[in-house]
file coords_1.pdb (PDB, C-alpha atoms, pLDDT in the B column)
ATOM      1  CA  MET A   1       0.000   0.000   0.000  1.00 79.00           C
ATOM      2  CA  THR A   2       1.266   3.462  -0.909  1.00 92.00           C
ATOM      3  CA  TYR A   3       0.488   6.109   1.706  1.00 95.00           C
ATOM      4  CA  LEU A   4       0.139   9.862   1.249  1.00 94.00           C
ATOM      5  CA  ASP A   5       2.921  10.163   3.799  1.00 95.00           C
ATOM      6  CA  PRO A   6       4.631   7.685   6.149  1.00 96.00           C
ATOM      7  CA  LEU A   7       2.665   9.263   9.022  1.00 97.00           C
ATOM      8  CA  ALA A   8      -0.598   8.271   7.311  1.00 97.00           C
ATOM      9  CA  ALA A   9       0.060   4.632   8.227  1.00 98.00           C
ATOM     10  CA  PRO A  10      -1.716   2.971  11.164  1.00 98.00           C
ATOM     11  CA  PHE A  11       0.282   2.753  14.368  1.00 98.00           C
ATOM     12  CA  HIS A  12       0.457   0.724  17.588  1.00 97.00           C
ATOM     13  CA  LEU A  13       2.302   2.001  20.655  1.00 98.00           C
ATOM     14  CA  GLU A  14       2.832  -0.659  23.318  1.00 97.00           C
ATOM     15  CA  GLY A  15       2.172   0.433  26.906  1.00 96.00           C
ATOM     16  CA  THR A  16       2.875  -0.859  30.388  1.00 96.00           C
ATOM     17  CA  ASN A  17      -0.274  -0.461  32.513  1.00 96.00           C
ATOM     18  CA  GLY A  18      -2.514  -3.105  30.917  1.00 95.00           C
ATOM     19  CA  GLU A  19      -5.010  -0.614  29.487  1.00 96.00           C
ATOM     20  CA  GLY A  20      -5.562   0.328  25.864  1.00 97.00           C
ATOM     21  CA  VAL A  21      -6.789   3.404  24.016  1.00 98.00           C
ATOM     22  CA  LEU A  22      -8.194   3.258  20.489  1.00 98.00           C
ATOM     23  CA  VAL A  23      -7.777   6.605  18.715  1.00 98.00           C
ATOM     24  CA  VAL A  24      -9.822   7.087  15.541  1.00 98.00           C
ATOM     25  CA  HIS A  25      -9.288   9.810  12.935  1.00 98.00           C
ATOM     26  CA  GLY A  26     -11.870  11.735  10.957  1.00 97.00           C
ATOM     27  CA  PHE A  27     -13.302  11.996   7.439  1.00 96.00           C
ATOM     28  CA  GLY A  28     -10.485  12.474   4.929  1.00 96.00           C
ATOM     29  CA  GLY A  29      -7.893  12.426   7.698  1.00 96.00           C
ATOM     30  CA  THR A  30      -5.255   9.946   8.858  1.00 98.00           C
ATOM     31  CA  PRO A  31      -3.854   8.548  12.121  1.00 98.00           C
ATOM     32  CA  ALA A  32      -1.203  11.297  11.933  1.00 98.00           C
ATOM     33  CA  HIS A  33      -3.761  13.741  13.377  1.00 98.00           C
ATOM     34  CA  LEU A  34      -3.814  11.694  16.600  1.00 98.00           C
ATOM     35  CA  ARG A  35      -0.106  10.976  16.936  1.00 98.00           C
ATOM     36  CA  MET A  36       0.570  13.703  19.491  1.00 97.00           C
ATOM     37  CA  VAL A  37      -2.219  12.705  21.876  1.00 98.00           C
ATOM     38  CA  ALA A  38      -1.299   9.029  21.332  1.00 98.00           C
ATOM     39  CA  GLU A  39       2.325   9.614  22.297  1.00 98.00           C
ATOM     40  CA  TYR A  40       1.204  11.594  25.346  1.00 98.00           C
ATOM     41  CA  LEU A  41      -1.043   8.752  26.552  1.00 98.00           C
ATOM     42  CA  ASN A  42       1.580   6.131  25.737  1.00 98.00           C
ATOM     43  CA  ALA A  43       4.100   7.998  27.897  1.00 98.00           C
ATOM     44  CA  GLU A  44       1.581   7.592  30.740  1.00 98.00           C
ATOM     45  CA  GLY A  45       1.597   3.814  30.272  1.00 97.00           C
ATOM     46  CA  TYR A  46      -1.307   3.203  27.900  1.00 98.00           C
ATOM     47  CA  THR A  47      -1.138   0.997  24.823  1.00 98.00           C
ATOM     48  CA  VAL A  48      -2.470   3.115  21.970  1.00 98.00           C
ATOM     49  CA  ASN A  49      -3.735   1.846  18.629  1.00 98.00           C
ATOM     50  CA  GLY A  50      -4.398   4.233  15.732  1.00 98.00           C
ATOM     51  CA  PRO A  51      -6.084   2.417  12.822  1.00 98.00           C
ATOM     52  CA  LEU A  52      -6.258   3.817   9.306  1.00 98.00           C
ATOM     53  CA  LEU A  53      -9.889   3.843   8.196  1.00 98.00           C
ATOM     54  CA  ALA A  54     -10.679   2.111   4.898  1.00 98.00           C
ATOM     55  CA  GLY A  55     -10.240   4.355   1.880  1.00 97.00           C
ATOM     56  CA  HIS A  56      -8.129   6.902   3.747  1.00 98.00           C
ATOM     57  CA  GLY A  57      -4.466   7.855   3.643  1.00 97.00           C
ATOM     58  CA  THR A  58      -3.916   6.695   0.049  1.00 97.00           C
ATOM     59  CA  SER A  59      -6.016   8.284  -2.721  1.00 96.00           C
ATOM     60  CA  LEU A  60      -9.422   9.812  -3.300  1.00 96.00           C
ATOM     61  CA  GLU A  61     -10.119   6.973  -5.713  1.00 96.00           C
ATOM     62  CA  ASP A  62      -9.745   4.552  -2.783  1.00 96.00           C
ATOM     63  CA  MET A  63     -11.995   6.730  -0.635  1.00 96.00           C
ATOM     64  CA  GLU A  64     -14.685   6.604  -3.311  1.00 94.00           C
ATOM     65  CA  THR A  65     -14.985   2.825  -2.997  1.00 96.00           C
ATOM     66  CA  THR A  66     -15.647   2.782   0.771  1.00 96.00           C
ATOM     67  CA  GLY A  67     -18.429   3.787   3.115  1.00 96.00           C
ATOM     68  CA  ARG A  68     -19.625   3.876   6.690  1.00 97.00           C
ATOM     69  CA  ARG A  69     -19.695   0.090   7.104  1.00 97.00           C
ATOM     70  CA  ASP A  70     -16.064  -0.151   5.993  1.00 98.00           C
ATOM     71  CA  TRP A  71     -14.991   2.680   8.320  1.00 98.00           C
ATOM     72  CA  LEU A  72     -16.766   1.097  11.266  1.00 98.00           C
ATOM     73  CA  ALA A  73     -15.154  -2.263  10.472  1.00 98.00           C
ATOM     74  CA  SER A  74     -11.713  -0.620  10.501  1.00 98.00           C
ATOM     75  CA  ALA A  75     -12.366   0.869  13.934  1.00 98.00           C
ATOM     76  CA  ARG A  76     -13.812  -2.382  15.239  1.00 97.00           C
ATOM     77  CA  ARG A  77     -10.688  -4.283  14.142  1.00 96.00           C
ATOM     78  CA  GLY A  78      -8.533  -1.837  16.055  1.00 96.00           C
ATOM     79  CA  PHE A  79     -10.712  -2.330  19.122  1.00 97.00           C
ATOM     80  CA  GLY A  80     -10.355  -6.088  18.764  1.00 94.00           C
ATOM     81  CA  GLN A  81      -6.568  -5.852  18.619  1.00 93.00           C
ATOM     82  CA  LEU A  82      -6.535  -3.931  21.894  1.00 95.00           C
ATOM     83  CA  SER A  83      -9.197  -5.907  23.753  1.00 91.00           C
ATOM     84  CA  GLY A  84      -7.255  -9.133  23.316  1.00 87.00           C
ATOM     85  CA  ASP A  85      -4.312  -7.801  25.321  1.00 86.00           C
ATOM     86  CA  SER A  86      -5.793  -5.056  27.509  1.00 88.00           C
ATOM     87  CA  ASP A  87      -7.815  -5.229  30.719  1.00 91.00           C
ATOM     88  CA  ARG A  88      -9.863  -2.243  29.589  1.00 95.00           C
ATOM     89  CA  VAL A  89     -10.142  -0.357  26.310  1.00 97.00           C
ATOM     90  CA  HIS A  90     -10.913   3.346  26.077  1.00 98.00           C
ATOM     91  CA  LEU A  91     -12.025   5.085  22.872  1.00 98.00           C
ATOM     92  CA  LEU A  92     -11.039   8.510  21.600  1.00 98.00           C
ATOM     93  CA  GLY A  93     -12.543   9.696  18.326  1.00 98.00           C
ATOM     94  CA  PHE A  94     -11.903  12.907  16.432  1.00 98.00           C
ATOM     95  CA  SER A  95     -14.665  14.281  14.171  1.00 97.00           C
ATOM     96  CA  MET A  96     -16.083  11.318  12.211  1.00 97.00           C
ATOM     97  CA  GLY A  97     -13.930   9.127  14.446  1.00 98.00           C
ATOM     98  CA  GLY A  98     -16.150  10.284  17.310  1.00 98.00           C
ATOM     99  CA  LEU A  99     -19.203   9.021  15.446  1.00 98.00           C
ATOM    100  CA  LEU A 100     -17.509   5.651  15.037  1.00 98.00           C
ATOM    101  CA  GLY A 101     -16.581   5.712  18.728  1.00 98.00           C
ATOM    102  CA  LEU A 102     -20.190   6.413  19.719  1.00 98.00           C
ATOM    103  CA  SER A 103     -21.383   3.560  17.513  1.00 98.00           C
ATOM    104  CA  LEU A 104     -18.861   1.130  19.017  1.00 98.00           C
ATOM    105  CA  ALA A 105     -19.685   2.296  22.551  1.00 98.00           C
ATOM    106  CA  ALA A 106     -23.359   1.585  21.867  1.00 97.00           C
ATOM    107  CA  GLN A 107     -22.494  -2.023  20.980  1.00 95.00           C
ATOM    108  CA  LEU A 108     -19.364  -3.061  22.897  1.00 95.00           C
ATOM    109  CA  ALA A 109     -17.962  -3.071  26.432  1.00 92.00           C
ATOM    110  CA  VAL A 110     -16.023   0.195  26.311  1.00 96.00           C
ATOM    111  CA  ALA A 111     -14.273   1.526  29.425  1.00 97.00           C
ATOM    112  CA  SER A 112     -14.717   5.179  28.428  1.00 98.00           C
ATOM    113  CA  LEU A 113     -15.261   7.362  25.391  1.00 98.00           C
ATOM    114  CA  THR A 114     -13.958  10.790  24.392  1.00 98.00           C
ATOM    115  CA  THR A 115     -15.390  12.602  21.369  1.00 98.00           C
ATOM    116  CA  LEU A 116     -13.607  15.588  19.831  1.00 98.00           C
ATOM    117  CA  ASN A 117     -15.513  17.974  17.529  1.00 97.00           C
ATOM    118  CA  THR A 118     -17.881  15.210  16.511  1.00 97.00           C
ATOM    119  CA  PRO A 119     -20.552  16.180  13.962  1.00 96.00           C
ATOM    120  CA  ILE A 120     -24.227  15.785  14.646  1.00 95.00           C
ATOM    121  CA  LYS A 121     -24.927  19.095  12.903  1.00 91.00           C
ATOM    122  CA  LEU A 122     -22.656  20.562  10.202  1.00 87.00           C
ATOM    123  CA  HIS A 123     -22.160  24.196   9.241  1.00 70.00           C
ATOM    124  CA  ASP A 124     -22.368  23.525   5.497  1.00 67.00           C
ATOM    125  CA  ARG A 125     -26.059  23.833   4.634  1.00 57.00           C
ATOM    126  CA  ARG A 126     -25.389  22.518   1.113  1.00 57.00           C
ATOM    127  CA  GLN A 127     -24.808  19.023   2.469  1.00 57.00           C
ATOM    128  CA  PRO A 128     -28.172  17.596   1.250  1.00 58.00           C
ATOM    129  CA  LEU A 129     -27.070  18.426  -2.311  1.00 52.00           C
ATOM    130  CA  ALA A 130     -24.378  15.749  -2.031  1.00 50.00           C
ATOM    131  CA  ARG A 131     -27.002  13.081  -2.662  1.00 58.00           C
ATOM    132  CA  VAL A 132     -27.609  14.570  -6.104  1.00 45.00           C
ATOM    133  CA  LEU A 133     -24.095  15.860  -6.760  1.00 52.00           C
ATOM    134  CA  LYS A 134     -22.585  12.365  -6.426  1.00 56.00           C
ATOM    135  CA  TYR A 135     -24.109  11.480  -9.802  1.00 53.00           C
ATOM    136  CA  VAL A 136     -22.356  14.312 -11.650  1.00 51.00           C
ATOM    137  CA  GLN A 137     -19.158  14.964  -9.680  1.00 64.00           C
ATOM    138  CA  ARG A 138     -16.796  12.418  -8.166  1.00 73.00           C
ATOM    139  CA  PHE A 139     -14.559  14.629  -6.035  1.00 71.00           C
ATOM    140  CA  ARG A 140     -14.557  18.076  -4.461  1.00 75.00           C
ATOM    141  CA  MET A 141     -11.695  20.047  -2.955  1.00 70.00           C
ATOM    142  CA  TRP A 142     -12.058  21.564   0.510  1.00 72.00           C
ATOM    143  CA  GLU A 143     -13.182  25.182   0.269  1.00 71.00           C
ATOM    144  CA  GLY A 144     -11.692  27.719   2.675  1.00 64.00           C
ATOM    145  CA  GLY A 145     -11.135  25.568   5.713  1.00 65.00           C
ATOM    146  CA  GLU A 146      -8.699  25.831   8.546  1.00 66.00           C
ATOM    147  CA  PRO A 147      -5.101  27.051   8.279  1.00 78.00           C
ATOM    148  CA  LYS A 148      -2.256  24.580   8.536  1.00 81.00           C
ATOM    149  CA  PRO A 149      -0.972  24.389  12.124  1.00 86.00           C
ATOM    150  CA  GLN A 150       2.406  25.797  12.995  1.00 86.00           C
ATOM    151  CA  GLY A 151       5.410  24.477  14.904  1.00 89.00           C
ATOM    152  CA  GLU A 152       5.815  20.833  15.834  1.00 91.00           C
ATOM    153  CA  ALA A 153       2.196  20.040  14.916  1.00 93.00           C
ATOM    154  CA  ALA A 154       2.695  20.982  11.247  1.00 94.00           C
ATOM    155  CA  ARG A 155       4.255  17.615  10.322  1.00 95.00           C
ATOM    156  CA  TYR A 156       1.096  15.815  11.458  1.00 96.00           C
ATOM    157  CA  TRP A 157      -1.119  17.706   8.997  1.00 95.00           C
ATOM    158  CA  VAL A 158      -1.522  14.658   6.749  1.00 96.00           C
ATOM    159  CA  GLN A 159      -4.894  14.394   4.999  1.00 95.00           C
ATOM    160  CA  TYR A 160      -6.679  14.527   1.661  1.00 94.00           C
ATOM    161  CA  GLU A 161      -6.976  17.934   0.008  1.00 90.00           C
ATOM    162  CA  GLY A 162     -10.534  17.055  -0.972  1.00 90.00           C
ATOM    163  CA  PHE A 163     -13.091  14.290  -0.610  1.00 86.00           C
ATOM    164  CA  SER A 164     -15.204  11.802  -2.513  1.00 91.00           C
ATOM    165  CA  VAL A 165     -18.747  13.100  -2.908  1.00 89.00           C
ATOM    166  CA  LYS A 166     -20.043   9.544  -2.718  1.00 91.00           C
ATOM    167  CA  ALA A 167     -18.185   9.090   0.589  1.00 94.00           C
ATOM    168  CA  ALA A 168     -19.639  12.386   1.858  1.00 92.00           C
ATOM    169  CA  VAL A 169     -23.118  10.921   1.441  1.00 91.00           C
ATOM    170  CA  GLN A 170     -21.968   7.961   3.516  1.00 94.00           C
ATOM    171  CA  LEU A 171     -20.841  10.388   6.218  1.00 95.00           C
ATOM    172  CA  LEU A 172     -24.306  11.951   6.290  1.00 93.00           C
ATOM    173  CA  ASP A 173     -25.835   8.477   6.671  1.00 94.00           C
ATOM    174  CA  LEU A 174     -23.376   7.695   9.469  1.00 96.00           C
ATOM    175  CA  ILE A 175     -24.422  10.860  11.317  1.00 95.00           C
ATOM    176  CA  ARG A 176     -28.086   9.891  11.023  1.00 95.00           C
ATOM    177  CA  GLU A 177     -27.504   6.332  12.224  1.00 97.00           C
ATOM    178  CA  THR A 178     -25.215   7.344  15.093  1.00 98.00           C
ATOM    179  CA  LYS A 179     -27.692   9.952  16.302  1.00 96.00           C
ATOM    180  CA  ALA A 180     -30.266   7.180  16.698  1.00 97.00           C
ATOM    181  CA  GLN A 181     -27.773   5.113  18.741  1.00 98.00           C
ATOM    182  CA  LEU A 182     -26.938   7.818  21.282  1.00 98.00           C
ATOM    183  CA  PRO A 183     -29.322   6.553  24.015  1.00 98.00           C
ATOM    184  CA  GLN A 184     -27.489   3.210  23.948  1.00 98.00           C
ATOM    185  CA  VAL A 185     -24.181   4.827  25.003  1.00 98.00           C
ATOM    186  CA  THR A 186     -23.736   4.272  28.750  1.00 97.00           C
ATOM    187  CA  CYS A 187     -19.956   4.375  29.328  1.00 98.00           C
ATOM    188  CA  PRO A 188     -18.227   7.366  30.988  1.00 98.00           C
ATOM    189  CA  LEU A 189     -18.175  10.116  28.373  1.00 98.00           C
ATOM    190  CA  LEU A 190     -16.038  13.191  27.730  1.00 98.00           C
ATOM    191  CA  VAL A 191     -17.249  15.540  24.977  1.00 98.00           C
ATOM    192  CA  VAL A 192     -14.801  18.174  23.717  1.00 98.00           C
ATOM    193  CA  GLN A 193     -16.002  20.847  21.300  1.00 96.00           C
ATOM    194  CA  SER A 194     -14.399  23.951  19.793  1.00 95.00           C
ATOM    195  CA  ARG A 195     -16.628  27.020  19.851  1.00 94.00           C
ATOM    196  CA  VAL A 196     -15.001  28.346  16.655  1.00 91.00           C
ATOM    197  CA  ASP A 197     -15.106  25.019  14.773  1.00 90.00           C
ATOM    198  CA  GLU A 198     -15.668  25.939  11.125  1.00 86.00           C
ATOM    199  CA  SER A 199     -17.020  22.482  10.191  1.00 89.00           C
ATOM    200  CA  VAL A 200     -19.106  21.222  13.115  1.00 92.00           C
ATOM    201  CA  ARG A 201     -21.865  23.259  14.718  1.00 93.00           C
ATOM    202  CA  SER A 202     -21.301  23.535  18.460  1.00 94.00           C
ATOM    203  CA  VAL A 203     -24.841  22.334  19.191  1.00 96.00           C
ATOM    204  CA  SER A 204     -23.543  18.882  18.209  1.00 96.00           C
ATOM    205  CA  ALA A 205     -21.808  18.576  21.576  1.00 97.00           C
ATOM    206  CA  GLU A 206     -24.984  19.526  23.415  1.00 97.00           C
ATOM    207  CA  ILE A 207     -27.001  16.921  21.512  1.00 98.00           C
ATOM    208  CA  ILE A 208     -24.465  14.210  22.375  1.00 98.00           C
ATOM    209  CA  MET A 209     -24.569  15.238  26.037  1.00 98.00           C
ATOM    210  CA  GLN A 210     -28.364  15.315  26.166  1.00 98.00           C
ATOM    211  CA  ARG A 211     -29.123  12.085  24.335  1.00 98.00           C
ATOM    212  CA  THR A 212     -26.497   9.669  25.646  1.00 98.00           C
ATOM    213  CA  SER A 213     -27.348   7.611  28.734  1.00 98.00           C
ATOM    214  CA  SER A 214     -23.950   7.776  30.455  1.00 97.00           C
ATOM    215  CA  PHE A 215     -24.138   8.323  34.209  1.00 95.00           C
ATOM    216  CA  HIS A 216     -20.845  10.223  34.161  1.00 96.00           C
ATOM    217  CA  LYS A 217     -20.373  12.710  31.331  1.00 97.00           C
ATOM    218  CA  GLU A 218     -18.527  15.993  30.978  1.00 97.00           C
ATOM    219  CA  LEU A 219     -18.516  18.706  28.327  1.00 98.00           C
ATOM    220  CA  VAL A 220     -15.355  20.744  27.741  1.00 97.00           C
ATOM    221  CA  TRP A 221     -15.391  23.816  25.493  1.00 97.00           C
ATOM    222  CA  LEU A 222     -12.323  25.008  23.597  1.00 95.00           C
ATOM    223  CA  GLU A 223     -12.304  28.741  22.922  1.00 93.00           C
ATOM    224  CA  ARG A 224      -9.692  29.187  20.179  1.00 89.00           C
ATOM    225  CA  SER A 225      -9.109  25.903  18.344  1.00 89.00           C
ATOM    226  CA  ARG A 226     -10.283  25.254  14.801  1.00 87.00           C
ATOM    227  CA  HIS A 227     -11.825  21.927  13.784  1.00 91.00           C
ATOM    228  CA  ASN A 228      -8.647  19.849  14.063  1.00 91.00           C
ATOM    229  CA  SER A 229      -8.157  20.897  17.672  1.00 93.00           C
ATOM    230  CA  LEU A 230      -5.560  18.178  18.297  1.00 95.00           C
ATOM    231  CA  LEU A 231      -3.055  20.166  16.229  1.00 95.00           C
ATOM    232  CA  TYR A 232      -3.659  23.661  17.623  1.00 91.00           C
ATOM    233  CA  ASP A 233      -2.494  25.451  20.741  1.00 87.00           C
ATOM    234  CA  GLU A 234      -5.209  24.084  23.061  1.00 94.00           C
ATOM    235  CA  ARG A 235      -4.128  20.496  22.434  1.00 95.00           C
ATOM    236  CA  ASN A 236      -2.493  20.358  25.881  1.00 95.00           C
ATOM    237  CA  VAL A 237      -5.911  21.054  27.403  1.00 96.00           C
ATOM    238  CA  ILE A 238      -7.265  18.070  25.479  1.00 97.00           C
ATOM    239  CA  HIS A 239      -4.366  15.841  26.511  1.00 97.00           C
ATOM    240  CA  ASP A 240      -4.818  16.622  30.201  1.00 97.00           C
ATOM    241  CA  LYS A 241      -8.610  16.280  30.094  1.00 97.00           C
ATOM    242  CA  VAL A 242      -8.457  12.915  28.294  1.00 98.00           C
ATOM    243  CA  LEU A 243      -5.917  11.556  30.767  1.00 98.00           C
ATOM    244  CA  GLU A 244      -7.992  12.784  33.715  1.00 97.00           C
ATOM    245  CA  HIS A 245     -11.091  11.213  32.170  1.00 97.00           C
ATOM    246  CA  ILE A 246      -9.675   7.734  31.635  1.00 96.00           C
ATOM    247  CA  ARG A 247      -7.794   7.743  34.959  1.00 94.00           C
ATOM    248  CA  ARG A 248     -11.001   8.570  36.850  1.00 88.00           C
ATOM    249  CA  LEU A 249     -12.064   4.961  36.423  1.00 74.00           C
TER     250      LEU A 249
END
call {"tool": "encode", "arguments": {"input": "coords_1.pdb", "output": "structure tokens"}}
result
Amino acid sequence: MTYLDPLAAPFHLEGTNGEGVLVVHGFGGTPAHLRMVAEYLNAEGYTVNGPLLAGHGTSLEDMETTGRRDWLASARRGFGQLSGDSDRVHLLGFSMGGLLGLSLAAQLAVASLTTLNTPIKLHDRRQPLARVLKYVQRFRMWEGGEPKPQGEAARYWVQYEGFSVKAAVQLLDLIRETKAQLPQVTCPLLVVQSRVDESVRSVSAEIIMQRTSSFHKELVWLERSRHNSLLYDERNVIHDKVLEHIRRL
């Protein structure tokens, strides 16, 4: 397999405390986006697995051939790899990865879940047009969007410059299906949302908080981070909150 970049490859960081964390990237992204938080958690003793979702990290043509079932299967395989060797497995999902985490948490014995800027509502009001557009246009480039991060985080900005329109329709279906599963999520839950997220409407975090059935759940707002908050200057806030969340058990 030829990757966009070596950092687009899946990774597995062996830990020492008997607990695992599955970190799942978002739509059009790669495991590189989660490398910094993964290395932070690994330094604290956790085994961290970062799967590459089907159709990602290679080419838009590959993305076009996959959908929500394939993405969920990729995440589930990563969970299986960890659960075989770990006493407990925690989930951390960024953007679409948070949707996959919610879906897995609704079905499996998950120790805890963290969602980061996970879409239930999107800013782009043209999204319903994707169901028609997929018949006349295969790919679209990202319009506007967030600036590339600076400093040490810049090397982890590994993602597609656009997306498959057919895959975008699958994302919309995944949002709809995951929303229906929210009441089945009962594990301890941490929801992190950027107020200035240009892709995900902040009400998404409130919907997740309201509709999940977790006894323990916490909502953390980020004030300055763009959508890919793991690569901006509030990432240390995320790191500390995630560690506090999974240690609370």
call {"tool": "residues_near_point", "arguments": {"input": "coords_1.pdb", "point": "(-13.3, 16.4, 24.1)", "cutoff": "9 Å", "atoms": "only C-alpha atoms", "output": "JSON, numbers by chain"}}
result
{"A": [92, 93, 94, 114, 115, 116, 117, 118, 190, 191, 192, 193, 194, 218, 219, 220, 221, 222, 238, 241, 242]}
call {"tool": "residues_around", "arguments": {"input": "coords_1.pdb", "residues": "Asp5 in chain A", "least_positions_apart": "5", "cutoff": "9 Å", "atoms": "all atoms listed in the file", "output": "JSON, numbers by chain"}}
result
{"A": [57, 58, 158, 159]}
call {"tool": "residues_around", "arguments": {"input": "coords_1.pdb", "residues": "Gln184 in chain A", "least_positions_apart": "3", "cutoff": "12 Å", "atoms": "only C-alpha atoms", "output": "JSON, numbers by chain"}}
result
{"A": [102, 103, 104, 105, 106, 107, 108, 109, 178, 179, 180, 181, 187, 208, 211, 212, 213, 214, 215]}
call {"tool": "atom_distance", "arguments": {"input": "coords_1.pdb", "atom1": "CA of Leu230 in chain A", "atom2": "CA of Ala32 in chain A"}}
result
10.3 Å
call {"tool": "closest_residue", "arguments": {"input": "coords_1.pdb", "among": "A:Pro31, A:Gly67, A:Pro183, A:Pro6", "to": "Ala168 in chain A", "atoms": "all atoms listed in the file"}}
result
A:Gly67
call {"tool": "atom_distance", "arguments": {"input": "coords_1.pdb", "atom1": "CA of Arg235 in chain A", "atom2": "CA of Trp71 in chain A"}}
result
25.2 Å
call {"tool": "atom_distance", "arguments": {"input": "coords_1.pdb", "atom1": "CA of Ala73 in chain A", "atom2": "CA of Leu4 in chain A"}}
result
21.6 Å
call {"tool": "closest_residue", "arguments": {"input": "coords_1.pdb", "among": "A:Asp70, A:Ser112, A:Glu14, A:Glu223", "to": "Gly45 in chain A", "atoms": "all atoms listed in the file"}}
result
A:Glu14
call {"tool": "residues_near_point", "arguments": {"input": "coords_1.pdb", "point": "(7.5, 16.5, 9.3)", "cutoff": "12 Å", "atoms": "all atoms listed in the file", "output": "ChimeraX atom specification"}}
result
/A:5-8,32,149-158
call {"tool": "closest_residue", "arguments": {"input": "coords_1.pdb", "among": "A:Phe79, A:Tyr3, A:Phe27, A:Tyr40", "to": "Pro119 in chain A", "atoms": "all atoms listed in the file"}}
result
A:Phe27
call {"tool": "closest_residue", "arguments": {"input": "coords_1.pdb", "among": "A:Leu182, A:Met1, A:Leu243, A:Ala111", "to": "Tyr46 in chain A", "atoms": "only C-alpha atoms"}}
result
A:Leu243
call {"tool": "resolve_selection", "arguments": {"input": "coords_1.pdb", "expression": "the PyMOL selection byres ((chain A and resi 77) around 12)", "output": "PDB file with C-alpha atoms, keeping the file's coordinate frame"}}
result
ATOM      1  CA  PRO A  10      -1.716   2.971  11.164  1.00 98.00           C
ATOM      2  CA  LEU A  22      -8.194   3.258  20.489  1.00 98.00           C
ATOM      3  CA  VAL A  24      -9.822   7.087  15.541  1.00 98.00           C
ATOM      4  CA  ASN A  49      -3.735   1.846  18.629  1.00 98.00           C
ATOM      5  CA  GLY A  50      -4.398   4.233  15.732  1.00 98.00           C
ATOM      6  CA  PRO A  51      -6.084   2.417  12.822  1.00 98.00           C
ATOM      7  CA  LEU A  52      -6.258   3.817   9.306  1.00 98.00           C
ATOM      8  CA  LEU A  53      -9.889   3.843   8.196  1.00 98.00           C
ATOM      9  CA  ALA A  54     -10.679   2.111   4.898  1.00 98.00           C
ATOM     10  CA  ASP A  70     -16.064  -0.151   5.993  1.00 98.00           C
ATOM     11  CA  TRP A  71     -14.991   2.680   8.320  1.00 98.00           C
ATOM     12  CA  LEU A  72     -16.766   1.097  11.266  1.00 98.00           C
ATOM     13  CA  ALA A  73     -15.154  -2.263  10.472  1.00 98.00           C
ATOM     14  CA  SER A  74     -11.713  -0.620  10.501  1.00 98.00           C
ATOM     15  CA  ALA A  75     -12.366   0.869  13.934  1.00 98.00           C
ATOM     16  CA  ARG A  76     -13.812  -2.382  15.239  1.00 97.00           C
ATOM     17  CA  GLY A  78      -8.533  -1.837  16.055  1.00 96.00           C
ATOM     18  CA  PHE A  79     -10.712  -2.330  19.122  1.00 97.00           C
ATOM     19  CA  GLY A  80     -10.355  -6.088  18.764  1.00 94.00           C
ATOM     20  CA  GLN A  81      -6.568  -5.852  18.619  1.00 93.00           C
ATOM     21  CA  LEU A  82      -6.535  -3.931  21.894  1.00 95.00           C
ATOM     22  CA  SER A  83      -9.197  -5.907  23.753  1.00 91.00           C
ATOM     23  CA  GLY A  84      -7.255  -9.133  23.316  1.00 87.00           C
ATOM     24  CA  LEU A 104     -18.861   1.130  19.017  1.00 98.00           C
TER      25      LEU A 104
END
call {"tool": "closest_residue", "arguments": {"input": "coords_1.pdb", "among": "A:Leu231, A:Val37, A:Ala9, A:Leu171", "to": "Leu99 in chain A", "atoms": "all atoms listed in the file"}}
result
A:Leu171
call {"tool": "residues_around", "arguments": {"input": "coords_1.pdb", "residues": "Val200 in chain A", "least_positions_apart": "3", "cutoff": "10 Å", "atoms": "all atoms listed in the file", "output": "MDAnalysis selection string"}}
result
chainID A and resid 95 117:124 193:197 203:205 226:227
call {"tool": "closest_residue", "arguments": {"input": "coords_1.pdb", "among": "A:Arg201, A:Arg247, A:Arg68, A:His239", "to": "Asp173 in chain A", "atoms": "all atoms listed in the file"}}
result
A:Arg68
call {"tool": "residues_around", "arguments": {"input": "coords_1.pdb", "residues": "Gln170 in chain A", "least_positions_apart": "2", "cutoff": "12 Å", "atoms": "only C-alpha atoms", "output": "list in words"}}
result
Phe27, Met63, Glu64, Thr65, Thr66, Gly67, Arg68, Arg69, Asp70, Trp71, Leu72, Met96, Gln127, Pro128, Ala130, Arg131, Lys134, Phe163, Ser164, Val165, Lys166, Ala167, Ala168, Leu172, Asp173, Leu174, Ile175, Arg176 and Glu177 of chain A
call {"tool": "build_atoms", "arguments": {"input": "coords_1.pdb", "residues": "range 228-233 of chain A", "atoms": "N, CA and C atoms", "output": "compact mmCIF listing (two decimals), in the coordinates of the input"}}
result
# COMPACT_ATOMS: atom_id res chain seq x y z
N ASN A 228 -9.64 20.85 13.67
CA ASN A 228 -8.65 19.85 14.06
C ASN A 228 -7.92 20.32 15.32
N SER A 229 -8.65 20.33 16.42
CA SER A 229 -8.16 20.90 17.67
C SER A 229 -6.93 20.18 18.22
N LEU A 230 -6.71 18.94 17.81
CA LEU A 230 -5.56 18.18 18.30
C LEU A 230 -4.24 18.74 17.80
N LEU A 231 -4.29 19.62 16.80
CA LEU A 231 -3.06 20.17 16.23
C LEU A 231 -2.90 21.67 16.48
N TYR A 232 -3.76 22.23 17.32
CA TYR A 232 -3.66 23.66 17.62
C TYR A 232 -3.24 23.87 19.07
N ASP A 233 -3.18 25.14 19.49
CA ASP A 233 -2.49 25.45 20.74
C ASP A 233 -3.25 25.05 22.00
